[in-house]
file upload_25.tsv (TSV, C-alpha atoms)
chain	number	residue	atom	x	y	z
Q	20	MET	CA	129.76	90.05	44.14
Q	21	ARG	CA	131.75	86.88	43.53
Q	22	ILE	CA	130.75	83.83	45.54
Q	23	GLU	CA	132.88	80.71	45.69
Q	24	VAL	CA	131.52	77.42	47.03
Q	25	PHE	CA	134.17	74.91	48.05
Q	26	GLY	CA	133.39	71.22	48.27
Q	27	THR	CA	134.56	67.98	46.79
Q	28	GLY	CA	131.17	67.09	45.39
Q	29	CYS	CA	129.31	65.36	48.19
Q	30	ALA	CA	125.61	65.94	48.77
Q	31	LYS	CA	126.17	68.50	51.51
Q	32	CYS	CA	128.43	70.66	49.35
Q	33	LYS	CA	125.87	70.50	46.56
Q	34	ARG	CA	123.21	71.55	49.03
Q	35	LEU	CA	125.22	74.62	49.94
Q	36	GLU	CA	125.56	75.54	46.28
Q	37	LYS	CA	121.81	75.04	45.78
Q	38	ASN	CA	121.04	77.20	48.82
Q	39	VAL	CA	123.35	79.91	47.52
Q	40	HIS	CA	121.51	80.04	44.19
Q	41	GLU	CA	118.12	80.06	45.93
Q	42	ALA	CA	119.25	82.84	48.26
Q	43	LEU	CA	120.43	84.95	45.36
Q	44	ALA	CA	117.16	84.40	43.51
Q	45	LYS	CA	115.13	85.22	46.60
Q	46	SER	CA	117.09	88.37	47.43
Q	47	GLY	CA	117.57	89.63	43.90
Q	48	ILE	CA	121.26	90.08	44.58
Q	49	LYS	CA	123.41	89.68	41.51
Q	50	ALA	CA	126.50	87.55	41.96
Q	51	GLU	CA	128.81	85.24	40.10
Q	52	VAL	CA	128.80	81.77	41.68
Q	53	ILE	CA	131.78	79.50	41.21
Q	54	LYS	CA	131.95	75.91	42.44
Q	55	ILE	CA	135.42	74.62	43.32
Q	56	GLU	CA	135.62	70.83	43.68
Q	57	ASP	CA	139.32	70.14	43.15
Q	58	ILE	CA	140.78	69.17	46.51
Q	59	ASP	CA	144.17	70.68	45.71
Q	60	ALA	CA	142.58	73.96	44.72
Q	61	ILE	CA	140.61	73.88	47.95
Q	62	THR	CA	143.57	73.16	50.22
Q	63	ASP	CA	145.70	75.69	48.34
Q	64	ARG	CA	143.35	78.28	49.81
Q	65	GLY	CA	144.01	76.93	53.29
Q	66	ILE	CA	140.58	75.32	53.52
Q	67	MET	CA	140.66	72.05	55.45
Q	68	VAL	CA	136.98	71.82	56.34
Q	69	THR	CA	134.26	71.74	53.72
Q	70	PRO	CA	131.77	72.86	52.60
Q	71	ALA	CA	133.11	76.38	52.64
Q	72	LEU	CA	131.98	79.69	51.22
Q	73	ALA	CA	133.96	82.74	50.12
Q	74	ILE	CA	132.68	86.15	49.14
Q	75	ASP	CA	134.88	88.32	46.97
Q	76	GLY	CA	137.86	86.17	47.82
Q	77	ASP	CA	137.42	86.06	51.60
Q	78	VAL	CA	136.42	82.73	53.14
Q	79	LYS	CA	133.47	83.48	55.39
Q	80	LEU	CA	132.44	80.08	56.67
Q	81	MET	CA	133.53	76.46	56.80
Q	82	GLY	CA	131.80	73.24	57.71
Q	83	LYS	CA	128.31	74.70	57.71
Q	84	VAL	CA	125.29	74.62	55.43
Q	85	PRO	CA	123.31	77.78	56.17
Q	86	SER	CA	119.64	77.91	55.27
Q	87	VAL	CA	118.45	80.01	52.34
Q	88	ASP	CA	117.22	82.74	54.69
Q	89	GLU	CA	120.49	82.75	56.62
Q	90	LEU	CA	122.38	83.14	53.36
Q	91	VAL	CA	120.16	86.03	52.29
Q	92	GLU	CA	121.01	87.83	55.53
Q	93	PHE	CA	124.65	86.90	55.04
Q	94	PHE	CA	124.78	88.36	51.53
Q	95	ARG	CA	123.04	91.55	52.60
Q	96	ALA	CA	125.42	92.15	55.53
W	2	MET	CA	122.60	77.34	61.25
W	3	GLU	CA	122.77	73.63	60.61
W	4	GLU	CA	126.17	72.16	61.46
W	5	ILE	CA	126.96	69.77	58.64
W	6	LYS	CA	130.45	68.74	57.62
W	7	CYS	CA	131.37	67.59	54.17
W	8	SER	CA	133.02	64.45	55.38
W	9	CYS	CA	130.66	61.50	55.18
W	10	GLN	CA	132.49	59.62	57.93
W	11	GLY	CA	131.34	61.47	60.97
W	12	GLY	CA	133.06	64.81	60.76
W	13	THR	CA	136.29	66.46	59.86
W	14	VAL	CA	139.37	65.29	61.74
W	15	ILE	CA	142.57	67.33	61.44
W	16	MET	CA	145.96	66.25	62.77
W	17	TYR	CA	148.54	68.84	63.73
W	18	SER	CA	152.11	67.78	64.38
W	19	CYS	CA	154.77	69.83	66.15
W	20	SER	CA	157.31	68.60	63.55
W	21	GLY	CA	160.18	69.99	65.61
W	22	ASN	CA	163.87	69.42	65.02
W	23	ALA	CA	164.31	66.45	67.36
W	24	ASN	CA	163.57	62.82	66.63
W	25	LEU	CA	160.19	62.93	68.37
W	26	GLY	CA	158.97	66.06	66.57
W	27	GLN	CA	159.77	64.39	63.29
W	28	ALA	CA	158.17	61.15	64.52
W	29	CYS	CA	155.01	63.19	65.15
W	30	ASN	CA	155.15	64.38	61.57
W	31	GLU	CA	155.55	60.83	60.28
W	32	LEU	CA	152.65	59.61	62.39
W	33	ALA	CA	150.40	62.42	61.18
W	34	GLN	CA	151.20	61.51	57.60
W	35	ARG	CA	150.44	57.85	58.26
W	36	LEU	CA	147.14	58.75	59.89
W	37	MET	CA	146.25	60.79	56.85
W	38	GLU	CA	147.13	57.94	54.52
W	39	ARG	CA	144.98	55.62	56.65
W	40	GLY	CA	142.03	57.92	56.22
W	41	VAL	CA	141.80	59.01	59.84
W	42	GLY	CA	141.71	62.65	58.79
W	43	ARG	CA	143.68	65.39	57.13
W	44	MET	CA	147.04	66.65	58.24
W	45	GLY	CA	146.80	70.34	59.00
W	46	CYS	CA	149.51	72.93	58.57
W	47	LEU	CA	150.63	74.00	62.02
W	48	ALA	CA	152.85	76.70	60.54
W	49	GLY	CA	149.81	78.20	58.83
W	50	VAL	CA	147.88	78.31	62.09
W	51	GLY	CA	150.89	79.67	63.97
W	52	GLY	CA	151.34	82.28	61.27
W	53	HIS	CA	147.72	83.37	61.74
W	54	VAL	CA	146.88	82.66	58.10
W	55	PRO	CA	143.13	83.38	58.26
W	56	ASN	CA	141.82	80.35	56.38
W	57	MET	CA	144.17	78.02	58.25
W	58	VAL	CA	142.96	79.39	61.56
W	59	LEU	CA	139.31	79.12	60.50
W	60	SER	CA	139.92	75.53	59.40
W	61	ALA	CA	141.28	74.66	62.83
W	62	GLN	CA	138.37	76.37	64.54
W	63	SER	CA	135.87	74.56	62.29
W	64	ALA	CA	137.19	71.00	62.67
W	65	ASP	CA	135.07	68.42	64.45
W	66	GLU	CA	138.07	66.75	66.01
W	67	ILE	CA	141.64	67.95	66.37
W	68	ILE	CA	144.48	65.55	67.11
W	69	VAL	CA	147.59	67.34	68.35
W	70	LEU	CA	150.90	65.50	68.32
W	71	ASP	CA	153.70	67.02	70.37
W	72	GLY	CA	157.20	65.59	70.66
W	73	CYS	CA	157.96	66.87	74.12
W	74	GLN	CA	156.46	68.39	77.23
W	75	MET	CA	156.88	71.95	75.96
W	76	GLY	CA	153.68	71.29	74.02
W	77	CYS	CA	154.30	73.88	71.32
W	78	ALA	CA	151.69	72.48	68.94
W	79	LEU	CA	149.02	72.55	71.64
W	80	LYS	CA	149.94	76.13	72.56
W	81	ILE	CA	149.58	77.20	68.93
W	82	MET	CA	146.14	75.65	68.77
W	83	GLU	CA	145.14	77.42	71.97
W	84	HIS	CA	146.35	80.76	70.62
W	85	ALA	CA	144.24	80.16	67.53
W	86	GLY	CA	141.13	79.49	69.58
W	87	ALA	CA	140.95	75.86	68.49
W	88	LYS	CA	140.42	73.12	71.04
W	89	ALA	CA	142.37	69.89	70.86
W	90	SER	CA	140.24	66.78	71.18
W	91	VAL	CA	143.25	64.56	71.72
W	92	HIS	CA	146.75	65.58	72.75
W	93	LEU	CA	149.61	63.12	72.62
W	94	VAL	CA	153.03	64.03	74.02
W	95	ALA	CA	155.72	61.59	72.96
W	96	THR	CA	157.96	62.07	75.99
W	97	GLU	CA	155.03	61.37	78.30
W	98	ILE	CA	154.83	57.80	77.00
W	99	GLY	CA	158.47	57.18	77.82
W	100	LEU	CA	160.13	58.10	74.55
W	101	VAL	CA	163.42	59.99	74.72
W	102	LYS	CA	163.94	63.26	72.89
W	103	LYS	CA	167.20	63.46	70.94
W	104	ASN	CA	167.90	66.77	69.29
W	105	GLY	CA	168.93	66.65	65.68
W	106	LYS	CA	168.30	62.91	65.35
W	107	ARG	CA	165.96	61.09	62.99
W	108	TRP	CA	162.87	59.23	64.13
W	109	THR	CA	162.80	55.45	64.39
W	110	GLU	CA	160.07	53.00	63.45
W	111	ASP	CA	159.77	51.92	67.10
W	112	GLU	CA	159.07	55.49	68.16
W	113	VAL	CA	156.37	56.01	65.55
W	114	GLN	CA	154.78	52.67	66.42
W	115	ALA	CA	154.78	53.48	70.13
W	116	MET	CA	153.08	56.81	69.48
W	117	ASP	CA	150.57	55.20	67.15
W	118	GLU	CA	149.62	52.69	69.82
W	119	ALA	CA	149.42	55.37	72.50
W	120	LEU	CA	147.18	57.47	70.30
W	121	ALA	CA	144.87	54.51	69.76
W	122	GLN	CA	144.50	54.30	73.54
W	123	LEU	CA	143.54	57.96	73.67
W	124	ARG	CA	140.89	57.45	70.98
W	125	PRO	CA	139.35	54.13	72.03
W	126	SER	CA	136.07	54.80	70.30
W	127	ARG	CA	137.77	54.91	66.92
W	128	ASN	CA	138.43	51.64	65.18
W	129	VAL	CA	140.64	52.99	62.44
W	130	PHE	CA	143.86	52.27	64.31
W	131	VAL	CA	145.66	48.98	63.78

call {"tool": "encode", "arguments": {"input": "upload_25.tsv", "output": "C-alpha coordinates"}}
result
Amino acid sequence: MRIEVFGTGCAKCKRLEKNVHEALAKSGIKAEVIKIEDIDAITDRGIMVTPALAIDGDVKLMGKVPSVDELVEFFRA
Amino acid sequence: MEEIKCSCQGGTVIMYSCSGNANLGQACNELAQRLMERGVGRMGCLAGVGGHVPNMVLSAQSADEIIVLDGCQMGCALKIMEHAGAKASVHLVATEIGLVKKNGKRWTEDEVQAMDEALAQLRPSRNVFV
(Lines of atoms letter the chains of each structure in order from A and count residues from 1; the text may use other names and numbers.)
(Lines give C-alpha, C1' and ligand atoms only; values in the text may rest on other atoms or scores of the structure.)
Protein backbone atom coordinates (compact mmCIF):
# COMPACT_ATOMS: atom_id res chain seq x y z
CA MET A 1 0.00 0.00 0.00
CA ARG A 2 1.21 3.49 -0.85
CA ILE A 3 -0.22 6.33 1.23
CA GLU A 4 0.24 9.96 0.28
CA VAL A 5 -0.48 12.77 2.72
CA PHE A 6 -0.99 16.17 1.12
CA GLY A 7 -0.54 19.35 3.11
CA THR A 8 1.53 22.49 3.02
CA GLY A 9 3.03 21.91 6.43
CA CYS A 10 0.58 23.37 8.91
CA ALA A 11 -0.14 21.69 12.23
CA LYS A 12 -3.30 20.00 10.98
CA CYS A 13 -1.55 18.39 8.02
CA LYS A 14 1.19 17.17 10.33
CA ARG A 15 -1.46 15.73 12.61
CA LEU A 16 -2.90 13.75 9.74
CA GLU A 17 0.53 12.36 8.93
CA LYS A 18 1.07 11.46 12.59
CA ASN A 19 -2.32 9.74 12.75
CA VAL A 20 -1.52 7.79 9.60
CA HIS A 21 1.71 6.45 11.12
CA GLU A 22 -0.05 5.59 14.39
CA ALA A 23 -2.84 3.83 12.52
CA LEU A 24 -0.37 1.76 10.54
CA ALA A 25 1.52 0.83 13.71
CA LYS A 26 -1.70 -0.07 15.50
CA SER A 27 -3.07 -2.17 12.65
CA GLY A 28 0.17 -3.79 11.59
CA ILE A 29 -0.53 -2.84 8.00
CA LYS A 30 2.58 -2.28 5.95
CA ALA A 31 2.57 0.82 3.79
CA GLU A 32 4.85 3.39 2.29
CA VAL A 33 3.94 6.88 3.55
CA ILE A 34 4.86 9.90 1.48
CA LYS A 35 4.31 13.50 2.59
CA ILE A 36 3.72 16.03 -0.19
CA GLU A 37 4.07 19.66 0.90
CA ASP A 38 4.76 21.46 -2.37
CA ILE A 39 1.66 23.45 -3.25
CA ASP A 40 2.20 23.06 -6.99
CA ALA A 41 2.55 19.31 -6.64
CA ILE A 42 -0.63 19.29 -4.59
CA THR A 43 -2.69 21.36 -7.01
CA ASP A 44 -1.29 19.41 -9.97
CA ARG A 45 -3.24 16.49 -8.54
CA GLY A 46 -6.40 18.58 -8.53
CA ILE A 47 -6.36 18.94 -4.75
CA MET A 48 -7.66 22.33 -3.63
CA VAL A 49 -8.54 21.45 -0.05
CA THR A 50 -5.97 20.14 2.41
CA PRO A 51 -5.11 18.06 4.31
CA ALA A 52 -5.79 15.27 1.87
CA LEU A 53 -5.01 11.58 1.75
CA ALA A 54 -4.47 9.24 -1.19
CA ILE A 55 -4.16 5.48 -1.18
CA ASP A 56 -2.40 3.83 -4.09
CA GLY A 57 -2.81 6.98 -6.14
CA ASP A 58 -6.50 7.60 -5.48
CA VAL A 59 -7.42 10.62 -3.35
CA LYS A 60 -9.80 9.32 -0.71
CA LEU A 61 -10.44 12.35 1.47
CA MET A 62 -9.88 16.08 1.66
CA GLY A 63 -10.21 18.63 4.42
CA LYS A 64 -10.51 16.10 7.21
CA VAL A 65 -8.30 14.74 9.96
CA PRO A 66 -9.63 11.28 10.80
CA SER A 67 -8.81 9.76 14.17
CA VAL A 68 -6.33 6.89 14.42
CA ASP A 69 -9.17 4.37 14.79
CA GLU A 70 -11.02 5.81 11.81
CA LEU A 71 -7.87 5.52 9.73
CA VAL A 72 -7.38 1.91 10.80
CA GLU A 73 -10.88 1.11 9.56
CA PHE A 74 -10.19 3.11 6.43
CA PHE A 75 -7.01 1.18 5.63
CA ARG A 76 -8.67 -2.17 6.26
CA ALA A 77 -11.63 -1.39 3.97
CA MET B 1 -14.54 12.36 11.88
CA GLU B 2 -13.23 15.73 12.93
CA GLU B 3 -13.75 18.38 10.27
CA ILE B 4 -10.54 20.36 10.19
CA LYS B 5 -9.30 22.32 7.19
CA CYS B 6 -5.69 23.07 6.53
CA SER B 7 -6.27 26.75 6.09
CA CYS B 8 -5.56 28.64 9.30
CA GLN B 9 -7.89 31.49 8.35
CA GLY B 10 -11.24 29.92 8.97
CA GLY B 11 -11.63 27.38 6.22
CA THR B 12 -11.01 26.80 2.58
CA VAL B 13 -12.61 29.26 0.17
CA ILE B 14 -12.65 28.41 -3.54
CA MET B 15 -13.71 30.79 -6.29
CA TYR B 16 -15.11 29.44 -9.54
CA SER B 17 -15.51 31.75 -12.51
CA CYS B 18 -17.60 31.07 -15.61
CA SER B 19 -14.79 32.61 -17.72
CA GLY B 20 -17.04 32.66 -20.78
CA ASN B 21 -16.31 34.34 -24.08
CA ALA B 22 -18.06 37.64 -23.38
CA ASN B 23 -16.67 40.62 -21.50
CA LEU B 24 -18.44 39.67 -18.28
CA GLY B 25 -17.27 36.06 -18.27
CA GLN B 26 -13.73 37.28 -18.63
CA ALA B 27 -14.35 39.95 -15.98
CA CYS B 28 -15.39 37.11 -13.66
CA ASN B 29 -12.09 35.42 -14.38
CA GLU B 30 -10.16 38.61 -13.63
CA LEU B 31 -12.04 39.13 -10.38
CA ALA B 32 -11.40 35.55 -9.27
CA GLN B 33 -7.70 36.03 -9.90
CA ARG B 34 -7.68 39.26 -7.93
CA LEU B 35 -9.49 37.61 -5.04
CA MET B 36 -6.89 34.88 -5.05
CA GLU B 37 -4.06 37.40 -5.04
CA ARG B 38 -5.75 39.19 -2.13
CA GLY B 39 -5.79 35.99 -0.15
CA VAL B 40 -9.55 35.54 -0.11
CA GLY B 41 -9.19 31.96 -1.30
CA ARG B 42 -8.04 29.81 -4.15
CA MET B 43 -9.33 29.98 -7.68
CA GLY B 44 -10.76 26.63 -8.65
CA CYS B 45 -10.79 25.08 -12.09
CA LEU B 46 -14.36 25.08 -13.32
CA ALA B 47 -13.38 23.07 -16.39
CA GLY B 48 -12.02 20.36 -14.13
CA VAL B 49 -15.26 20.18 -12.18
CA GLY B 50 -17.32 20.28 -15.37
CA GLY B 51 -15.15 17.54 -16.81
CA HIS B 52 -15.86 15.39 -13.74
CA VAL B 53 -12.15 15.11 -12.90
CA PRO B 54 -12.49 13.21 -9.61
CA ASN B 55 -10.09 15.22 -7.46
CA MET B 56 -11.47 18.51 -8.79
CA VAL B 57 -14.99 17.41 -7.94
CA LEU B 58 -13.94 16.24 -4.48
CA SER B 59 -12.20 19.57 -3.90
CA ALA B 60 -15.39 21.45 -4.71
CA GLN B 61 -17.42 19.18 -2.45
CA SER B 62 -14.90 19.61 0.38
CA ALA B 63 -14.60 23.41 0.36
CA ASP B 64 -15.90 25.39 3.31
CA GLU B 65 -17.09 28.23 1.13
CA ILE B 66 -17.62 28.40 -2.61
CA ILE B 67 -17.88 31.70 -4.44
CA VAL B 68 -19.38 31.32 -7.90
CA LEU B 69 -18.98 34.14 -10.40
CA ASP B 70 -21.24 34.06 -13.44
CA GLY B 71 -21.22 36.62 -16.23
CA CYS B 72 -24.85 36.31 -17.20
CA GLN B 73 -28.20 34.94 -16.13
CA MET B 74 -27.61 31.58 -17.80
CA GLY B 75 -25.62 30.75 -14.66
CA CYS B 76 -23.43 28.09 -16.25
CA ALA B 77 -20.87 28.07 -13.45
CA LEU B 78 -23.56 27.58 -10.83
CA LYS B 79 -25.12 24.75 -12.84
CA ILE B 80 -21.75 22.99 -13.05
CA MET B 81 -21.35 23.23 -9.30
CA GLU B 82 -24.84 21.83 -8.79
CA HIS B 83 -24.11 18.92 -11.12
CA ALA B 84 -20.99 18.20 -9.09
CA GLY B 85 -22.91 18.13 -5.84
CA ALA B 86 -21.18 21.23 -4.51
CA LYS B 87 -23.18 24.03 -2.95
CA ALA B 88 -22.38 27.65 -3.72
CA SER B 89 -22.14 29.85 -0.65
CA VAL B 90 -22.24 33.03 -2.71
CA HIS B 91 -23.39 33.45 -6.30
CA LEU B 92 -22.77 36.67 -8.17
CA VAL B 93 -24.29 37.24 -11.61
CA ALA B 94 -22.76 40.22 -13.38
CA THR B 95 -25.80 41.07 -15.49
CA GLU B 96 -27.97 41.14 -12.38
CA ILE B 97 -26.04 44.13 -11.06
CA GLY B 98 -26.69 46.09 -14.23
CA LEU B 99 -23.62 45.22 -16.28
CA VAL B 100 -24.10 44.62 -20.00
CA LYS B 101 -22.90 41.45 -21.68
CA LYS B 102 -20.99 42.02 -24.92
CA ASN B 103 -19.96 38.91 -26.77
CA GLY B 104 -16.38 38.73 -27.88
CA LYS B 105 -15.38 41.91 -26.05
CA ARG B 106 -12.75 42.38 -23.36
CA TRP B 107 -13.56 43.25 -19.77
CA THR B 108 -13.12 46.77 -18.43
CA GLU B 109 -11.78 47.94 -15.09
CA ASP B 110 -15.16 49.48 -14.26
CA GLU B 111 -16.88 46.13 -14.74
CA VAL B 112 -14.44 44.27 -12.51
CA GLN B 113 -14.69 46.98 -9.84
CA ALA B 114 -18.49 46.88 -9.93
CA MET B 115 -18.48 43.12 -9.48
CA ASP B 116 -15.93 43.34 -6.70
CA GLU B 117 -18.10 45.81 -4.82
CA ALA B 118 -21.23 43.74 -5.39
CA LEU B 119 -19.49 40.65 -4.10
CA ALA B 120 -18.43 42.50 -0.97
CA GLN B 121 -22.11 43.25 -0.35
CA LEU B 122 -22.92 39.57 -0.68
CA ARG B 123 -20.22 38.65 1.86
CA PRO B 124 -20.66 41.39 4.46
CA SER B 125 -19.12 39.35 7.25
CA ARG B 126 -15.79 39.23 5.43
CA ASN B 127 -13.47 42.16 5.82
CA VAL B 128 -11.01 41.18 3.14
CA PHE B 129 -12.67 43.27 0.45
CA VAL B 130 -11.53 46.82 -0.17

call {"tool": "residues_around", "arguments": {"input": "upload_25.tsv", "residues": "region 32-48 of chain W", "least_positions_apart": "5", "cutoff": "9 Å", "atoms": "only C-alpha atoms", "output": "list in words"}}
result
Gly65 and Met67 of chain Q; Thr13, Val14, Ile15, Met16, Tyr17, Ser18, Cys19, Ser20, Gln27, His53, Val54, Met57, Ser60, Ala61, Ile68, Leu70, Ala78, Ile81, Met82, Val113, Gln114, Met116, Asp117, Val129 and Phe130 of chain W

call {"tool": "atom_distance", "arguments": {"input": "upload_25.tsv", "atom1": "CA of Val91 (chain Q)", "atom2": "CA of Ser63 (chain W)"}}
result
21.9 Å

call {"tool": "atom_distance", "arguments": {"input": "upload_25.tsv", "atom1": "CA of Leu100 (chain W)", "atom2": "CA of Gly86 (chain W)"}}
result
29.0 Å

call {"tool": "residues_around", "arguments": {"input": "upload_25.tsv", "residues": "Leu90 (chain Q)", "least_positions_apart": "6", "cutoff": "12 Å", "atoms": "all atoms listed in the file", "output": "PyMOL selection string"}}
result
(chain Q and resi 22+35-46+48+72+74+79-80+83-84+96) or (chain W and resi 2-3)

call {"tool": "write_last_selection", "arguments": {"input": "upload_25.tsv", "atoms": "C-alpha atoms", "output": "PDB file, in the frame of the given file"}}
result
ATOM      1  CA  ILE Q  22     130.750  83.830  45.540  1.00  0.00           C
ATOM      2  CA  LEU Q  35     125.220  74.620  49.940  1.00  0.00           C
ATOM      3  CA  GLU Q  36     125.560  75.540  46.280  1.00  0.00           C
ATOM      4  CA  LYS Q  37     121.810  75.040  45.780  1.00  0.00           C
ATOM      5  CA  ASN Q  38     121.040  77.200  48.820  1.00  0.00           C
ATOM      6  CA  VAL Q  39     123.350  79.910  47.520  1.00  0.00           C
ATOM      7  CA  HIS Q  40     121.510  80.040  44.190  1.00  0.00           C
ATOM      8  CA  GLU Q  41     118.120  80.060  45.930  1.00  0.00           C
ATOM      9  CA  ALA Q  42     119.250  82.840  48.260  1.00  0.00           C
ATOM     10  CA  LEU Q  43     120.430  84.950  45.360  1.00  0.00           C
ATOM     11  CA  ALA Q  44     117.160  84.400  43.510  1.00  0.00           C
ATOM     12  CA  LYS Q  45     115.130  85.220  46.600  1.00  0.00           C
ATOM     13  CA  SER Q  46     117.090  88.370  47.430  1.00  0.00           C
ATOM     14  CA  ILE Q  48     121.260  90.080  44.580  1.00  0.00           C
ATOM     15  CA  LEU Q  72     131.980  79.690  51.220  1.00  0.00           C
ATOM     16  CA  ILE Q  74     132.680  86.150  49.140  1.00  0.00           C
ATOM     17  CA  LYS Q  79     133.470  83.480  55.390  1.00  0.00           C
ATOM     18  CA  LEU Q  80     132.440  80.080  56.670  1.00  0.00           C
ATOM     19  CA  LYS Q  83     128.310  74.700  57.710  1.00  0.00           C
ATOM     20  CA  VAL Q  84     125.290  74.620  55.430  1.00  0.00           C
ATOM     21  CA  ALA Q  96     125.420  92.150  55.530  1.00  0.00           C
TER      22      ALA Q  96
ATOM     23  CA  MET W   2     122.600  77.340  61.250  1.00  0.00           C
ATOM     24  CA  GLU W   3     122.770  73.630  60.610  1.00  0.00           C
TER      25      GLU W   3
END

call {"tool": "closest_residue", "arguments": {"input": "upload_25.tsv", "among": "Q:Gly47, Q:Gly28, Q:Gly76, Q:Gly82", "to": "chain W", "atoms": "all atoms listed in the file"}}
result
Q:Gly82

call {"tool": "interface_residues", "arguments": {"input": "upload_25.tsv", "of": "chain Q", "to": "chain W", "cutoff": "8 Å", "atoms": "only C-alpha atoms", "output": "ChimeraX atom specification"}}
result
/Q:26,29,31-32,64-70,78,80-86,89

call {"tool": "write_last_selection", "arguments": {"input": "upload_25.tsv", "atoms": "C-alpha atoms", "output": "mmCIF file, in the frame of the given file"}}
result
data_model
loop_
_atom_site.group_PDB
_atom_site.id
_atom_site.type_symbol
_atom_site.label_atom_id
_atom_site.label_comp_id
_atom_site.auth_asym_id
_atom_site.auth_seq_id
_atom_site.Cartn_x
_atom_site.Cartn_y
_atom_site.Cartn_z
ATOM 1 C CA GLY Q 26 133.390 71.220 48.270
ATOM 2 C CA CYS Q 29 129.310 65.360 48.190
ATOM 3 C CA LYS Q 31 126.170 68.500 51.510
ATOM 4 C CA CYS Q 32 128.430 70.660 49.350
ATOM 5 C CA ARG Q 64 143.350 78.280 49.810
ATOM 6 C CA GLY Q 65 144.010 76.930 53.290
ATOM 7 C CA ILE Q 66 140.580 75.320 53.520
ATOM 8 C CA MET Q 67 140.660 72.050 55.450
ATOM 9 C CA VAL Q 68 136.980 71.820 56.340
ATOM 10 C CA THR Q 69 134.260 71.740 53.720
ATOM 11 C CA PRO Q 70 131.770 72.860 52.600
ATOM 12 C CA VAL Q 78 136.420 82.730 53.140
ATOM 13 C CA LEU Q 80 132.440 80.080 56.670
ATOM 14 C CA MET Q 81 133.530 76.460 56.800
ATOM 15 C CA GLY Q 82 131.800 73.240 57.710
ATOM 16 C CA LYS Q 83 128.310 74.700 57.710
ATOM 17 C CA VAL Q 84 125.290 74.620 55.430
ATOM 18 C CA PRO Q 85 123.310 77.780 56.170
ATOM 19 C CA SER Q 86 119.640 77.910 55.270
ATOM 20 C CA GLU Q 89 120.490 82.750 56.620
#

call {"tool": "atom_distance", "arguments": {"input": "upload_25.tsv", "atom1": "CA of Ile53 (chain Q)", "atom2": "CA of Phe25 (chain Q)"}}
result
8.6 Å
